[in-house]
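Here's structure_35.cif, which has mmCIF, C-alpha atoms:
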data_upload
loop_
_atom_site.label_atom_id
_atom_site.label_comp_id
_atom_site.auth_asym_id
_atom_site.auth_seq_id
_atom_site.Cartn_x
_atom_site.Cartn_y
_atom_site.Cartn_z
CA MET A 1 0.00 0.00 0.00
CA THR A 2 1.14 3.54 -0.67
CA PRO A 3 1.27 6.07 2.19
CA GLU A 4 -1.89 7.64 0.74
CA GLN A 5 -3.74 4.32 0.80
CA ARG A 6 -2.51 3.58 4.31
CA ALA A 7 -3.61 7.04 5.45
CA GLY A 8 -7.09 6.42 4.09
CA THR A 9 -7.50 3.09 5.81
CA VAL A 10 -6.70 4.52 9.28
CA VAL A 11 -9.57 7.02 9.08
CA MET A 12 -13.23 6.24 9.81
CA GLY A 13 -15.62 8.85 8.48
CA HIS A 14 -19.30 9.74 8.58
CA ILE A 15 -21.89 11.64 6.61
CA PRO A 16 -25.49 12.14 7.81
CA SER A 17 -27.30 10.37 4.96
CA ARG A 18 -29.65 7.42 4.60
CA ASP A 19 -29.24 7.31 0.83
CA ALA A 20 -27.33 4.19 -0.17
CA ASP A 21 -25.89 5.66 -3.37
CA THR A 22 -24.65 8.77 -1.57
CA VAL A 23 -22.89 6.82 1.15
CA ARG A 24 -21.40 4.33 -1.31
CA ALA A 25 -19.99 7.19 -3.38
CA TYR A 26 -18.56 8.81 -0.25
CA LEU A 27 -16.60 5.66 0.61
CA ALA A 28 -15.63 4.85 -2.98
CA ASP A 29 -14.28 8.35 -3.63
CA SER A 30 -12.43 8.74 -0.34
CA ASP A 31 -11.07 5.19 0.12
CA LEU A 32 -11.58 5.44 3.88
CA GLY A 33 -11.11 2.48 6.18
CA GLY A 34 -14.52 2.67 7.74
CA PHE A 35 -17.82 4.41 8.39
CA LEU A 36 -19.51 5.17 11.72
CA LEU A 37 -23.30 4.94 11.62
CA MET A 38 -25.13 7.57 13.65
CA GLY A 39 -28.80 8.31 14.19
CA ALA A 40 -28.98 10.31 10.96
CA ASN A 41 -28.18 7.13 9.02
CA VAL A 42 -30.86 5.00 10.65
CA GLY A 43 -34.46 4.69 9.57
CA TRP A 44 -35.47 1.06 10.04
CA GLU A 45 -33.72 -2.26 10.03
CA GLU A 46 -34.07 -3.19 6.37
CA GLN A 47 -33.05 0.35 5.34
CA VAL A 48 -29.89 0.11 7.47
CA ARG A 49 -29.08 -3.26 5.94
CA SER A 50 -29.46 -1.80 2.44
CA LEU A 51 -27.21 1.09 3.44
CA THR A 52 -24.48 -1.14 4.88
CA ASP A 53 -24.64 -3.49 1.89
CA ALA A 54 -24.02 -0.49 -0.37
CA MET A 55 -20.94 0.47 1.64
CA VAL A 56 -19.11 -2.69 0.64
CA VAL A 57 -17.42 -1.35 -2.49
CA ASP A 58 -14.79 -4.13 -2.44
CA PRO A 59 -16.05 -7.38 -0.79
CA ALA A 60 -12.47 -8.62 -0.53
CA LEU A 61 -11.59 -5.66 1.69
CA PRO A 62 -14.82 -4.25 3.15
CA PRO A 63 -14.78 -1.11 5.28
CA LEU A 64 -15.15 -1.34 9.03
CA ILE A 65 -18.80 -0.41 9.49
CA ALA A 66 -19.32 0.62 13.09
CA VAL A 67 -22.05 1.76 15.45
CA ASP A 68 -22.34 2.93 19.07
CA GLN A 69 -24.87 0.38 20.29
CA GLU A 70 -24.65 0.18 24.05
CA GLY A 71 -28.38 -0.14 24.59
CA GLY A 72 -30.44 2.22 26.70
CA SER A 73 -29.55 5.90 26.33
CA VAL A 74 -26.86 5.24 23.70
CA SER A 75 -28.67 3.36 20.96
CA ARG A 76 -28.57 4.06 17.24
CA LEU A 77 -30.55 0.92 16.38
CA TYR A 78 -33.76 1.77 18.20
CA TRP A 79 -35.19 -1.77 17.91
CA ASP A 80 -32.57 -3.08 20.35
CA ARG A 81 -34.57 -4.42 23.32
CA ALA A 82 -31.69 -6.16 25.13
CA ASP A 83 -30.95 -4.85 28.61
CA SER A 84 -28.71 -1.81 28.93
CA ALA A 85 -25.87 -1.36 31.41
CA ARG A 86 -28.18 0.36 33.88
CA ALA A 87 -30.23 -2.84 34.20
CA LEU A 88 -27.38 -5.31 33.76
CA ARG A 89 -25.34 -4.09 36.70
CA ASP A 90 -28.12 -5.35 38.98
CA GLU A 91 -27.95 -8.80 37.39
CA SER A 92 -25.37 -11.58 37.17
CA PRO A 93 -22.49 -11.44 34.66
CA GLY A 94 -24.29 -14.20 32.78
CA ALA A 95 -27.13 -11.77 32.06
CA THR A 96 -24.58 -9.38 30.54
CA GLU A 97 -23.20 -12.13 28.32
CA ASP A 98 -26.71 -13.00 27.12
CA ALA A 99 -27.63 -9.36 26.49
CA PHE A 100 -24.53 -8.70 24.42
CA ALA A 101 -24.98 -11.91 22.47
CA THR A 102 -28.46 -10.67 21.56
CA ARG A 103 -27.13 -7.19 20.83
CA GLY A 104 -24.25 -8.50 18.75
CA ALA A 105 -26.60 -10.60 16.62
CA LEU A 106 -28.82 -7.55 16.07
CA VAL A 107 -25.82 -5.45 15.03
CA ALA A 108 -24.59 -8.15 12.63
CA ARG A 109 -28.05 -8.57 11.13
CA ALA A 110 -27.90 -4.89 10.15
CA GLY A 111 -24.65 -5.53 8.26
CA ILE A 112 -22.50 -3.83 10.90
CA GLY A 113 -19.16 -5.43 11.76
CA VAL A 114 -17.98 -3.31 14.71
CA ASN A 115 -19.83 -2.28 17.84
CA PHE A 116 -18.39 0.52 19.99
CA GLY A 117 -20.76 -0.71 22.67
CA ILE A 118 -18.92 -1.96 25.76
CA VAL A 119 -18.33 0.73 28.38
CA ALA A 120 -15.39 -0.38 30.54
CA ASP A 121 -15.47 2.74 32.70
CA THR A 122 -16.43 2.28 36.35
CA THR A 123 -17.87 4.78 38.81
CA SER A 124 -20.35 4.99 41.66
CA ASP A 125 -20.66 8.77 41.26
CA THR A 126 -24.24 9.43 40.18
CA GLY A 127 -23.16 12.94 39.20
CA SER A 128 -20.82 11.61 36.52
CA PHE A 129 -22.08 11.79 32.94
CA ILE A 130 -20.92 8.20 32.39
CA TRP A 131 -22.59 6.68 35.48
CA ARG A 132 -25.79 5.53 33.78
CA ARG A 133 -23.71 3.68 31.15
CA VAL A 134 -21.24 1.71 33.30
CA LEU A 135 -21.56 -2.05 33.77
CA GLY A 136 -20.39 -1.85 37.38
CA GLU A 137 -20.08 0.78 40.08
CA THR A 138 -17.04 -0.98 41.53
CA PRO A 139 -13.98 -2.27 39.66
CA SER A 140 -14.86 -5.85 40.58
CA ASP A 141 -18.42 -5.62 39.30
CA ALA A 142 -17.36 -3.83 36.12
CA THR A 143 -14.54 -6.32 35.50
CA SER A 144 -16.75 -9.40 35.47
CA ARG A 145 -19.44 -7.82 33.30
CA VAL A 146 -17.03 -6.27 30.79
CA ALA A 147 -15.43 -9.67 30.21
CA ALA A 148 -18.89 -11.23 29.89
CA ALA A 149 -19.97 -8.61 27.34
CA VAL A 150 -16.91 -9.30 25.18
CA THR A 151 -17.58 -13.05 25.32
CA GLY A 152 -21.24 -12.63 24.46
CA GLU A 153 -20.72 -10.35 21.50
CA ALA A 154 -17.67 -12.12 20.03
CA PRO A 155 -19.52 -14.56 17.71
CA TYR A 156 -21.39 -11.72 16.03
CA ALA A 157 -19.53 -8.41 16.08
CA LEU A 158 -16.08 -6.99 16.72
CA SER A 159 -16.35 -5.40 20.14
CA ALA A 160 -14.63 -2.28 21.44
CA LEU A 161 -13.96 -1.27 25.02
CA LYS A 162 -14.32 2.41 25.87
CA HIS A 163 -13.21 4.95 27.06
CA PHE A 164 -9.58 4.09 27.92
CA PRO A 165 -8.04 4.85 30.38
CA GLY A 166 -11.39 5.32 32.11
CA HIS A 167 -13.97 8.09 32.38
CA GLY A 168 -14.97 6.98 35.85
CA ALA A 169 -12.23 9.14 37.34
CA VAL A 170 -13.93 12.35 36.13
CA ARG A 171 -17.44 13.81 36.21
CA GLU A 172 -17.38 16.10 33.17
CA ASP A 173 -18.66 15.17 29.71
CA SER A 174 -15.84 14.94 27.17
CA HIS A 175 -18.22 15.78 24.33
CA PHE A 176 -17.90 19.41 25.37
CA THR A 177 -14.71 19.76 27.40
CA ILE A 178 -11.50 17.89 28.19
CA PRO A 179 -12.01 16.50 31.69
CA THR A 180 -8.93 16.23 33.91
CA THR A 181 -8.05 14.17 36.95
CA ASP A 182 -4.99 14.04 39.19
CA THR A 183 -5.43 10.28 39.69
CA THR A 184 -1.99 8.70 39.83
CA LEU A 185 -0.87 5.77 37.70
CA SER A 186 -0.78 3.57 40.80
CA GLN A 187 -4.37 4.52 41.67
CA TRP A 188 -5.42 3.91 38.07
CA ARG A 189 -3.87 0.44 38.06
CA SER A 190 -5.82 -0.53 41.17
CA ARG A 191 -9.15 0.76 39.92
CA ASP A 192 -9.88 2.00 36.40
CA ALA A 193 -7.44 -0.33 34.65
CA ARG A 194 -9.10 -3.51 35.88
CA PRO A 195 -12.17 -3.67 33.58
CA PHE A 196 -10.01 -2.84 30.56
CA SER A 197 -7.54 -5.53 31.52
CA ALA A 198 -10.37 -8.05 31.84
CA GLY A 199 -11.76 -7.17 28.42
CA ILE A 200 -8.33 -7.43 26.85
CA SER A 201 -7.84 -10.83 28.47
CA ALA A 202 -11.16 -11.83 26.91
CA GLN A 203 -9.60 -11.03 23.50
CA VAL A 204 -11.48 -7.83 22.67
CA PRO A 205 -10.31 -6.67 19.21
CA LEU A 206 -10.62 -2.89 19.69
CA VAL A 207 -10.03 -0.39 22.48
CA MET A 208 -11.27 3.20 22.20
CA THR A 209 -9.20 5.94 23.80
CA GLY A 210 -10.99 8.83 25.49
CA HIS A 211 -10.53 12.58 25.41
CA LEU A 212 -9.66 13.01 29.06
CA ALA A 213 -6.39 13.85 30.75
CA TYR A 214 -4.82 12.07 33.71
CA THR A 215 -2.47 14.93 34.45
CA ALA A 216 -0.23 12.89 36.76
CA VAL A 217 0.54 10.68 33.75
CA ASP A 218 0.32 13.09 30.78
CA ALA A 219 -1.15 16.56 30.38
CA ALA A 220 -2.49 15.62 26.93
CA PRO A 221 -5.83 13.87 26.40
CA ALA A 222 -5.33 10.10 26.43
CA SER A 223 -6.42 9.91 22.78
CA LEU A 224 -3.35 11.97 21.84
CA SER A 225 -0.94 10.64 24.48
CA PRO A 226 2.01 8.41 23.51
CA GLU A 227 2.32 7.39 27.17
CA TRP A 228 -1.22 6.04 27.38
CA TYR A 229 -0.81 4.07 24.15
CA ARG A 230 2.42 2.68 25.59
CA ILE A 231 0.62 1.63 28.76
CA LEU A 232 -2.18 0.06 26.72
CA ARG A 233 0.30 -2.00 24.70
CA GLU A 234 3.09 -2.75 27.16
CA GLU A 235 1.31 -2.96 30.52
CA LEU A 236 -2.11 -4.29 29.49
CA GLY A 237 -0.78 -6.34 26.58
CA PHE A 238 -3.30 -5.13 24.02
CA GLU A 239 -2.43 -6.17 20.46
CA GLY A 240 -5.57 -5.12 18.58
CA VAL A 241 -6.76 -1.87 17.02
CA ALA A 242 -6.56 1.26 19.17
CA VAL A 243 -9.24 3.66 17.97
CA THR A 244 -9.82 7.21 19.15
CA ASP A 245 -13.12 8.52 20.32
CA ASP A 246 -14.60 11.02 17.87
CA LEU A 247 -11.90 13.63 17.27
CA GLY A 248 -14.61 16.20 16.58
CA MET A 249 -15.18 16.24 20.32
CA LEU A 250 -11.75 17.82 20.75
CA VAL A 251 -12.81 20.61 18.41
CA GLN A 252 -16.01 21.07 20.44
CA SER A 253 -13.94 21.49 23.60
CA ARG A 254 -12.93 24.93 22.27
CA VAL A 255 -9.38 24.39 23.55
CA PRO A 256 -7.24 26.37 21.07
CA ALA A 257 -4.63 23.60 20.71
CA TYR A 258 -7.25 21.18 19.35
CA GLN A 259 -9.16 23.26 16.82
CA ASP A 260 -7.50 21.71 13.75
CA PRO A 261 -9.12 18.32 13.04
CA VAL A 262 -6.38 17.31 10.61
CA GLN A 263 -3.63 18.03 13.13
CA ASN A 264 -5.60 16.11 15.78
CA ALA A 265 -5.64 13.09 13.48
CA VAL A 266 -1.91 13.31 12.74
CA THR A 267 -1.12 13.69 16.44
CA ALA A 268 -3.31 10.71 17.36
CA ILE A 269 -1.69 8.40 14.78
CA SER A 270 1.77 9.59 15.78
CA ALA A 271 0.95 8.94 19.45
CA GLY A 272 -0.09 5.34 18.78
CA ALA A 273 -3.68 5.27 17.55
CA ASP A 274 -4.42 2.90 14.67
CA LEU A 275 -7.79 4.34 13.65
CA VAL A 276 -9.24 7.84 14.05
CA LEU A 277 -12.90 8.87 13.97
CA SER A 278 -14.51 12.00 12.61
CA VAL A 279 -18.17 12.88 13.30
CA ALA A 280 -18.87 15.98 15.40
CA SER A 281 -18.02 19.34 13.83
CA SER A 282 -17.30 17.54 10.57
CA ASN A 283 -18.60 17.50 7.02
CA ALA A 284 -18.11 15.19 4.04
CA GLN A 285 -14.60 16.53 3.48
CA THR A 286 -13.28 16.29 7.03
CA ALA A 287 -12.30 12.60 7.04
CA PRO A 288 -10.72 12.72 3.55
CA ASP A 289 -8.81 15.83 4.66
CA MET A 290 -7.57 13.92 7.70
CA ALA A 291 -6.30 11.12 5.46
CA ALA A 292 -4.58 13.62 3.18
CA GLY A 293 -3.02 15.34 6.20
CA ILE A 294 -1.70 12.06 7.57
CA ALA A 295 -0.13 11.22 4.20
CA ALA A 296 1.35 14.72 3.99
CA ALA A 297 2.86 14.36 7.47
CA VAL A 298 4.60 11.17 6.34
CA ALA A 299 5.92 12.94 3.24
CA ALA A 300 7.18 15.82 5.39
CA GLY A 301 8.90 13.47 7.82
CA THR A 302 6.84 14.60 10.84
CA LEU A 303 5.01 11.26 11.07
CA PRO A 304 7.19 8.15 10.77
CA GLU A 305 6.12 5.99 7.84
CA GLU A 306 6.62 2.86 9.94
CA ARG A 307 4.08 4.16 12.51
CA LEU A 308 1.48 4.64 9.76
CA ALA A 309 2.31 1.24 8.28
CA GLU A 310 1.85 -0.40 11.69
CA ALA A 311 -1.54 1.27 12.17
CA ALA A 312 -2.75 0.45 8.66
CA THR A 313 -1.64 -3.18 8.99
CA ARG A 314 -3.74 -3.62 12.11
CA VAL A 315 -6.81 -2.01 10.54
CA VAL A 316 -6.51 -3.98 7.31
CA ALA A 317 -6.20 -7.20 9.31
CA LEU A 318 -9.49 -6.37 11.02
CA ARG A 319 -11.14 -5.58 7.69
CA LEU A 320 -9.94 -8.90 6.29
CA GLN A 321 -11.31 -10.61 9.39
CA VAL A 322 -14.74 -9.12 8.67
CA ALA A 323 -14.48 -10.21 5.02
CA GLY A 324 -13.57 -13.76 5.97
CA SER A 325 -15.98 -14.26 8.84
CA GLY A 326 -19.27 -13.35 7.18
CA ARG A 327 -20.36 -12.06 10.59
CA SER A 328 -21.62 -8.77 9.12
CA PHE A 329 -23.89 -10.54 6.66
CA LEU A 330 -26.37 -12.35 8.89
CA PRO A 331 -29.88 -12.40 7.40
CA CYS A 332 -32.94 -11.13 9.20
CA GLU A 333 -34.62 -13.89 11.18
CA GLY A 334 -38.38 -13.56 11.04
CA GLU A 335 -39.52 -9.98 10.49
CA CYS A 336 -37.03 -7.13 10.46
CA ALA A 337 -37.85 -4.01 12.42
CA ALA A 338 -40.54 -1.93 10.77
CA PRO A 339 -40.05 1.68 9.66
CA GLN A 340 -40.04 4.18 12.53
CA SER A 341 -43.17 6.30 12.61
#

structure tokens encoding of this file:
Amino acid sequence: MTPEQRAGTVVMGHIPSRDADTVRAYLADSDLGGFLLMGANVGWEEQVRSLTDAMVVDPALPPLIAVDQEGGSVSRLYWDRADSARALRDESPGATEDAFATRGALVARAGIGVNFGIVADTTSDTGSFIWRRVLGETPSDATSRVAAAVTGEAPYALSALKHFPGHGAVREDSHFTIPTTDTTLSQWRSRDARPFSAGISAQVPLVMTGHLAYTAVDAAPASLSPEWYRILREELGFEGVAVTDDLGMLVQSRVPAYQDPVQNAVTAISAGADLVLSVASSNAQTAPDMAAGIAAAVAAGTLPEERLAEAATRVVALRLQVAGSGRSFLPCEGECAAPQS
């Protein structure tokens, strides 16, 4: 692959359209590595399946088609009736495994290969924006349920843990600011690290890094921090695809240093991310511009070509896994969800 092709494959884009031809053209023209489905792409189940089918320009190397399908308050596929984290944390880990098996099958039936749906954060702080979405209020409870969720979803969809290194240490919402905590690395290892470690041990294929800063470790947001990617790889032993949370959220923070989405993408890949997302504060050109900027950084010598090659190799391997598994091509069983009124 050329640096330009590698740069394209490490970017996951989005446009707010339900039109299959429009979305297919977007992916065909930009040669991006993936597409993140949001609410604007979703009408009803058969429509989503038609849309995702159209995204597969090259069946031998399909894009990573992803969705945030946690259940409950974070649901793009509104026909998901499996229990959400809020209910599951009052049940046994076995209930979590069953719920995510059901959820994974639903995601796959819609032609979606990746689910950014397993929240590995842990907190008992009801004032935290992430509280309603955690699978456990204590590290022990979260650890057992995160591992169960990965196991349940594995036959159907490629799971992702989020939001590494853990939003439970902060209260603020990273969609609008960059939350900070003075939690030390030792404190993190004893608490927030544990659910992520359990999910990694369960062979989760993706980990999503969050836009929050543990200032005792690195002043930068974890999504842009070489130290946090090092910890993810070397201490937790993660070998899969490290994906950033939506980089548009950094733009929405209004922090001057993060107002250039292309530079954010280059910084993230340089730090250790394998795949970057672009949704908020973006348009149809944002993700292609990110890919072009990554390729330009390689040409200028500011981004090592071997770092881009490493990232692209991991993403392509995941795309080939989707192509070979057939997991994103499950048929509807019985009646698909009807159009939303």

Sorted by chain and rising residue number, which residues of range 125-196 of chain A lie within 7 Å of range 85-96 of chain A, and what are their closest atom pairs and distances in Å to one decimal, counting all atoms listed in the file, as a tab-separated table?
residue	atom	partner	partner_atom	distance
A:Arg132	CA	A:Arg86	CA	5.7
A:Arg133	CA	A:Ala85	CA	5.5
A:Val134	CA	A:Ala85	CA	5.9
A:Leu135	CA	A:Ala85	CA	5.0
A:Gly136	CA	A:Arg89	CA	5.5
A:Ser144	CA	A:Pro93	CA	6.1
A:Arg145	CA	A:Pro93	CA	4.9
A:Ala148	CA	A:Pro93	CA	6.0
A:Ala149	CA	A:Thr96	CA	5.7

Once the PyMOL selection byres ((chain A and resi 51) around 10) has been evaluated on this model, what residues remain selected, and can you format them as a CSV table (one decimal) with C-alpha atoms, in the frame of the given file?
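Contents of result-v7.csv, freshly written:
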chain,number,residue,atom,x,y,z
A,17,SER,CA,-27.3,10.4,5.0
A,18,ARG,CA,-29.6,7.4,4.6
A,19,ASP,CA,-29.2,7.3,0.8
A,20,ALA,CA,-27.3,4.2,-0.2
A,21,ASP,CA,-25.9,5.7,-3.4
A,22,THR,CA,-24.6,8.8,-1.6
A,23,VAL,CA,-22.9,6.8,1.2
A,24,ARG,CA,-21.4,4.3,-1.3
A,37,LEU,CA,-23.3,4.9,11.6
A,41,ASN,CA,-28.2,7.1,9.0
A,42,VAL,CA,-30.9,5.0,10.6
A,45,GLU,CA,-33.7,-2.3,10.0
A,46,GLU,CA,-34.1,-3.2,6.4
A,47,GLN,CA,-33.0,0.4,5.3
A,48,VAL,CA,-29.9,0.1,7.5
A,49,ARG,CA,-29.1,-3.3,5.9
A,50,SER,CA,-29.5,-1.8,2.4
A,52,THR,CA,-24.5,-1.1,4.9
A,53,ASP,CA,-24.6,-3.5,1.9
A,54,ALA,CA,-24.0,-0.5,-0.4
A,55,MET,CA,-20.9,0.5,1.6
A,56,VAL,CA,-19.1,-2.7,0.6
A,110,ALA,CA,-27.9,-4.9,10.2
A,111,GLY,CA,-24.6,-5.5,8.3

Using all atoms listed in the file, which protein or nucleic acid residues come within 10 Å of Arg6 in chain A? Drop anything in the same chain fewer than 3 positions from it, and give the result as a list in words.
Met1, Thr2, Pro3, Thr9, Val10, Val11, Asp31, Leu32, Gly33, Ala291, Ile294, Ala295, Glu305, Leu308, Ala309, Glu310, Ala311, Ala312, Thr313, Val315 and Val316 of chain A

Report as a PyMOL selection string all protein, DNA and RNA residues lying within 7 Å of Leu236 in chain A, evaluated on only C-alpha atoms, omitting residues in the same chain fewer than 4 positions from it.
chain A and resi 197+231-232

Once the PyMOL selection byres ((chain A and resi 237-254) around 9) is applied to the coordinates I shared, what remains selected? I want it as a VMD selection string.
chain A and resid 160 162 to 163 174 to 178 197 200 to 201 203 to 211 223 to 224 229 231 to 236 255 to 261 264 to 265 268 272 to 282 311 314 to 315 318

Residue nearest Ala7 in chain A among A:Thr183, A:Ser84, A:Thr122, A:Ser30 (counting only C-alpha atoms)
A:Ser30

So which one's closest to Leu158 in chain A, A:Asp121, A:Asp68, A:Asp218, A:Asp182? Using all atoms listed in the file, please.
A:Asp68

Interatomic distance between CA of Val266 in chain A and CA of Ser225 in chain A?
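Taking CA of Val266 in chain A and CA of Ser225 in chain A, their separation equals 12.1 Å.
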
In Å, rounded to a single decimal, give me how far CA of Tyr156 in chain A is from CA of Gly113 in chain A.
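Spanning CA of Gly113 in chain A to CA of Tyr156 in chain A is a straight-line distance of 7.9 Å.
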
So which one's closest to Thr138 in chain A, A:Ala157, A:Ala120, A:Ala292, A:Ala287? Using only C-alpha atoms, please.
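Comparing A:Ala157, A:Ala120, A:Ala292, A:Ala287 against Thr138 in chain A, the winner is A:Ala120.
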
Work out how far CA of Pro195 in chain A is from CA of Val146 in chain A, in Å to one decimal.
6.2 Å

Cut-off 12 Å around (-33.5, -0.8, 18.2) with all atoms listed in the file: residues as a PyMOL selection string:
chain A and resi 39+42-45+48+68-84+102-103+106-107+109-110+336-340

Could range 116-137 of chain A be completed with N, CA and C atoms and written as a PDB file, in the coordinates of the input, please?
ATOM      1  N   PHE A 116     -19.028  -0.263  18.924  1.00  0.00           N
ATOM      2  CA  PHE A 116     -18.390   0.520  19.990  1.00  0.00           C
ATOM      3  C   PHE A 116     -19.347   0.549  21.177  1.00  0.00           C
ATOM      4  N   GLY A 117     -19.633  -0.618  21.747  1.00  0.00           N
ATOM      5  CA  GLY A 117     -20.760  -0.710  22.670  1.00  0.00           C
ATOM      6  C   GLY A 117     -20.464  -1.132  24.085  1.00  0.00           C
ATOM      7  N   ILE A 118     -19.204  -1.456  24.421  1.00  0.00           N
ATOM      8  CA  ILE A 118     -18.920  -1.960  25.760  1.00  0.00           C
ATOM      9  C   ILE A 118     -18.196  -0.884  26.569  1.00  0.00           C
ATOM     10  N   VAL A 119     -18.892  -0.313  27.521  1.00  0.00           N
ATOM     11  CA  VAL A 119     -18.330   0.730  28.380  1.00  0.00           C
ATOM     12  C   VAL A 119     -17.558   0.040  29.506  1.00  0.00           C
ATOM     13  N   ALA A 120     -16.250   0.228  29.519  1.00  0.00           N
ATOM     14  CA  ALA A 120     -15.390  -0.380  30.540  1.00  0.00           C
ATOM     15  C   ALA A 120     -15.048   0.602  31.655  1.00  0.00           C
ATOM     16  N   ASP A 121     -15.641   1.779  31.620  1.00  0.00           N
ATOM     17  CA  ASP A 121     -15.470   2.740  32.700  1.00  0.00           C
ATOM     18  C   ASP A 121     -16.194   2.225  33.942  1.00  0.00           C
ATOM     19  N   THR A 122     -15.761   2.654  35.108  1.00  0.00           N
ATOM     20  CA  THR A 122     -16.430   2.280  36.350  1.00  0.00           C
ATOM     21  C   THR A 122     -16.510   3.478  37.281  1.00  0.00           C
ATOM     22  N   THR A 123     -17.690   3.696  37.843  1.00  0.00           N
ATOM     23  CA  THR A 123     -17.870   4.780  38.810  1.00  0.00           C
ATOM     24  C   THR A 123     -19.155   4.543  39.599  1.00  0.00           C
ATOM     25  N   SER A 124     -19.138   5.003  40.844  1.00  0.00           N
ATOM     26  CA  SER A 124     -20.350   4.990  41.660  1.00  0.00           C
ATOM     27  C   SER A 124     -20.893   6.399  41.841  1.00  0.00           C
ATOM     28  N   ASP A 125     -20.279   7.356  41.159  1.00  0.00           N
ATOM     29  CA  ASP A 125     -20.660   8.770  41.260  1.00  0.00           C
ATOM     30  C   ASP A 125     -21.861   9.038  40.374  1.00  0.00           C
ATOM     31  N   THR A 126     -23.018   9.201  40.977  1.00  0.00           N
ATOM     32  CA  THR A 126     -24.240   9.430  40.180  1.00  0.00           C
ATOM     33  C   THR A 126     -24.219  10.787  39.487  1.00  0.00           C
ATOM     34  N   GLY A 127     -23.280  11.649  39.859  1.00  0.00           N
ATOM     35  CA  GLY A 127     -23.160  12.940  39.200  1.00  0.00           C
ATOM     36  C   GLY A 127     -22.287  12.901  37.961  1.00  0.00           C
ATOM     37  N   SER A 128     -21.668  11.763  37.706  1.00  0.00           N
ATOM     38  CA  SER A 128     -20.820  11.610  36.520  1.00  0.00           C
ATOM     39  C   SER A 128     -21.682  11.368  35.289  1.00  0.00           C
ATOM     40  N   PHE A 129     -21.298  11.965  34.157  1.00  0.00           N
ATOM     41  CA  PHE A 129     -22.080  11.790  32.940  1.00  0.00           C
ATOM     42  C   PHE A 129     -22.052  10.344  32.467  1.00  0.00           C
ATOM     43  N   ILE A 130     -21.052   9.575  32.874  1.00  0.00           N
ATOM     44  CA  ILE A 130     -20.920   8.200  32.390  1.00  0.00           C
ATOM     45  C   ILE A 130     -21.614   7.196  33.314  1.00  0.00           C
ATOM     46  N   TRP A 131     -22.074   7.610  34.472  1.00  0.00           N
ATOM     47  CA  TRP A 131     -22.590   6.680  35.480  1.00  0.00           C
ATOM     48  C   TRP A 131     -23.696   5.771  34.954  1.00  0.00           C
ATOM     49  N   ARG A 132     -24.657   6.343  34.237  1.00  0.00           N
ATOM     50  CA  ARG A 132     -25.790   5.530  33.780  1.00  0.00           C
ATOM     51  C   ARG A 132     -25.375   4.473  32.758  1.00  0.00           C
ATOM     52  N   ARG A 133     -24.152   4.570  32.231  1.00  0.00           N
ATOM     53  CA  ARG A 133     -23.710   3.680  31.150  1.00  0.00           C
ATOM     54  C   ARG A 133     -22.712   2.628  31.600  1.00  0.00           C
ATOM     55  N   VAL A 134     -22.258   2.659  32.862  1.00  0.00           N
ATOM     56  CA  VAL A 134     -21.240   1.710  33.300  1.00  0.00           C
ATOM     57  C   VAL A 134     -21.866   0.365  33.651  1.00  0.00           C
ATOM     58  N   LEU A 135     -21.089  -0.698  33.472  1.00  0.00           N
ATOM     59  CA  LEU A 135     -21.560  -2.050  33.770  1.00  0.00           C
ATOM     60  C   LEU A 135     -21.314  -2.436  35.229  1.00  0.00           C
ATOM     61  N   GLY A 136     -20.620  -1.587  35.965  1.00  0.00           N
ATOM     62  CA  GLY A 136     -20.390  -1.850  37.380  1.00  0.00           C
ATOM     63  C   GLY A 136     -19.940  -0.606  38.089  1.00  0.00           C
ATOM     64  N   GLU A 137     -20.465  -0.389  39.303  1.00  0.00           N
ATOM     65  CA  GLU A 137     -20.080   0.780  40.080  1.00  0.00           C
ATOM     66  C   GLU A 137     -18.764   0.576  40.812  1.00  0.00           C
TER      67      GLU A 137
END
